[in-house]
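Okay, so here's the structure we're looking at.
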Amino acid sequence: MPSRHAVIRVGLGVLLVAAAGLKLYGLGVSAVPQVGWFSQPWVQLATAEWELVLGAWLLSGVAPRLSWLAALVTFAAFAAVSGYLGWVGVASCGCFGAVEASPWWAFGVDVAAVALLVASRPPAQSAPAPGLLRAAGIWAGAVVVTCGLLVAAGSLFFGSVEAAIAKLRGETLTVSPTDIDFGAGKPGERFEATVTVANHTGEPVRLIGGTTDCACATVDDFPLTVSPGGKADIRVRLTVIGEVGGRLTRSVMVRTDCPARPVIRFRIGCRVVE
């Protein structure tokens with residue numbers, strides 16, 4: 001009968017491999033919320049690669065103490081990120097793809113993983129042999145080198161990591177960032193930010209106009225044409241309203257003449273303070 005450690009090790013390994021595979025396939029599933037700095041393509045690529053490597057390592061059963069420690073540190077880091085975003089009031093972490101979920105859901109999953117790992121610590125073993133430590137070092141180095149090669153290849157053949165990922169996913173238009181958090185704002189205070197729309201097609205795309213779900217948010221610079229393989233910036237503004245201590249989140253929609261992507265959506269928001 002498999003030990004508790006083996007069951008949990010395999011379960012978390014399957015979870016990580018599935019998350020990495022879905023993310024690379026384009027469904028946007030990741031343990032790291034795609035918000036702010038974490039939405040950068042190279043961060044998402046590195047995260048997906050580490051999820052895949054760590055998942056495979058857990059499934060292999062090789063060096064169980066080292067893989068257990070790596071998994072513990074990884075899920076603890078994921079929990080710290082999700083917990084922080086939940087604390088500052090980010091509405092949706094983007095961790096579950098098209099299904100909007102509070103960062104607290106992701107935090108709960110990560111904390112549960114940490115608890116399971118703590119409860120299933122593998123049996124004590126003698127000190128790892130030098131050869132095993134060397135193999136672990138080579139494995140970690142391979143992850144770093146592979147990630148670097150993927151970034152370099154994406155930049156060389158497609159112009160950027162973002163374009164390479166878009167090509168892999170079959171995306172025609174992408175927007176960055178997908179979630180703008182202005183931090184803390186007082187009622188009546190106004191914020192402004194810039195969102196970049198990238199055109200990954202071979203034809204010019206026209207951004208026709210933009211709308212929001214509240215008069216407190218506006219989006220400007222239309223109409224606008226994005227050249228093939230080019231980028232264009234649009235400005236978005238938010239006037240803080242609502243009750244002090246609450247969270248203000250608004251959805252922005254940009255209409256385009258691209259048949260494959262007629263609408264682009266992203267979110268803006270802040271915490272309302274005194």
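Residues in the structure tokens are named by chain (A, B, ... in the order shown) and by number from 1 within that chain; ligands are numbered from 1 in the order shown.
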
If we count only C-alpha atoms, what is near A:Gly185 at a cut-off of 8 Å, once residues fewer than 4 positions away on the same chain are taken out, given as a VMD selection string? chain A and resid 189 240 270 to 274

Selected residues written out with N, CA and C atoms, as a PDB file, in the first residue's frame:
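Printed below is part17.pdb as written:
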ATOM      1  N   GLU A 189     -10.170  60.932  -5.723  1.00  0.00           N
ATOM      2  CA  GLU A 189      -8.833  60.921  -6.316  1.00  0.00           C
ATOM      3  C   GLU A 189      -8.872  60.259  -7.692  1.00  0.00           C
ATOM      4  N   VAL A 240     -11.812  57.508  -8.010  1.00  0.00           N
ATOM      5  CA  VAL A 240     -12.136  56.673  -6.852  1.00  0.00           C
ATOM      6  C   VAL A 240     -13.510  57.034  -6.295  1.00  0.00           C
ATOM      7  N   CYS A 270      -8.639  49.681  -7.244  1.00  0.00           N
ATOM      8  CA  CYS A 270      -7.835  50.176  -6.130  1.00  0.00           C
ATOM      9  C   CYS A 270      -8.574  49.908  -4.831  1.00  0.00           C
ATOM     10  N   ARG A 271      -7.884  50.114  -3.719  1.00  0.00           N
ATOM     11  CA  ARG A 271      -8.497  50.076  -2.397  1.00  0.00           C
ATOM     12  C   ARG A 271      -8.931  51.487  -2.036  1.00  0.00           C
ATOM     13  N   VAL A 272     -10.103  51.626  -1.453  1.00  0.00           N
ATOM     14  CA  VAL A 272     -10.619  52.940  -1.069  1.00  0.00           C
ATOM     15  C   VAL A 272     -10.237  53.201   0.388  1.00  0.00           C
ATOM     16  N   VAL A 273      -9.491  54.286   0.604  1.00  0.00           N
ATOM     17  CA  VAL A 273      -9.018  54.613   1.951  1.00  0.00           C
ATOM     18  C   VAL A 273      -9.442  56.051   2.299  1.00  0.00           C
ATOM     19  N   GLU A 274      -9.254  56.414   3.544  1.00  0.00           N
ATOM     20  CA  GLU A 274      -9.596  57.776   3.992  1.00  0.00           C
ATOM     21  C   GLU A 274      -8.567  58.790   3.502  1.00  0.00           C
TER      22      GLU A 274
END

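The shell of residues at most 8 Å from A:Arg261, with only C-alpha atoms counted and near chain neighbours (fewer than 3 positions) removed, consists of A:Thr172, A:Leu173, A:Thr256, A:Asp257, A:Cys258, A:Ile264.
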
Which polymer residues have any atom within 8 Å of an atom of A:Leu238, counting only C-alpha atoms, with same-chain residues fewer than 6 positions away left out, as a ChimeraX atom specification? /A:190-192,216-218,268-269

Limited to N, CA and C atoms, could you put the picked residues into a file as a compact mmCIF listing (two decimals), in the first residue's frame?
# COMPACT_ATOMS: atom_id res chain seq x y z
N ARG A 190 -8.03 60.74 -8.61
CA ARG A 190 -8.02 60.21 -9.97
C ARG A 190 -6.67 59.55 -10.27
N PHE A 191 -6.73 58.43 -10.96
CA PHE A 191 -5.54 57.70 -11.38
C PHE A 191 -5.54 57.56 -12.90
N GLU A 192 -4.35 57.44 -13.46
CA GLU A 192 -4.22 57.19 -14.90
C GLU A 192 -3.11 56.18 -15.14
N CYS A 216 -17.12 56.13 -13.59
CA CYS A 216 -15.91 56.52 -12.87
C CYS A 216 -14.64 56.09 -13.59
N ALA A 217 -14.78 55.28 -14.62
CA ALA A 217 -13.62 54.81 -15.39
C ALA A 217 -13.78 55.20 -16.85
N THR A 218 -12.71 55.68 -17.46
CA THR A 218 -12.74 56.06 -18.87
C THR A 218 -11.52 55.49 -19.57
N ILE A 268 -9.31 47.22 -13.90
CA ILE A 268 -8.59 48.24 -13.16
C ILE A 268 -9.25 48.35 -11.78
N GLY A 269 -8.48 48.79 -10.80
CA GLY A 269 -9.08 48.92 -9.47
C GLY A 269 -8.12 49.47 -8.44

A:Gly229: which residues within 9 Å, counting only C-alpha atoms, same-chain residues fewer than 2 positions away excluded, as a ChimeraX atom specification? /A:159,163,198-204,226-227,231

Any chance you could export the current selection's C-alpha atoms as a compact mmCIF listing (two decimals), in the first residue's frame?
# COMPACT_ATOMS: atom_id res chain seq x y z
CA GLY A 159 10.86 39.50 -31.55
CA ALA A 163 5.10 37.28 -29.19
CA ALA A 198 0.06 44.01 -29.16
CA ASN A 199 -0.93 42.84 -32.65
CA HIS A 200 0.45 39.38 -33.45
CA THR A 201 -1.19 39.10 -36.86
CA GLY A 202 0.13 39.98 -40.30
CA GLU A 203 -2.57 42.60 -40.86
CA PRO A 204 -3.22 46.01 -39.27
CA VAL A 226 -2.02 48.81 -34.54
CA SER A 227 0.41 47.81 -37.27
CA LYS A 231 2.03 47.68 -30.33

Which of these residues is nearest to A:Val7, using only C-alpha atoms: A:Arg247, A:Val195, A:Pro122, A:Trp104?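 Checking each of A:Arg247, A:Val195, A:Pro122, A:Trp104 against A:Val7, counting only C-alpha atoms, the winner is A:Pro122.
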
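Reported to one decimal place, the separation of atom CA of A:Ala106 from atom CA of A:Thr212 is 27.1 Å.
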
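Counting only C-alpha atoms, the residue from A:Ala119, A:Ala193, A:Cys214, A:Leu54 that sits nearest to A:Arg235 is A:Ala193.
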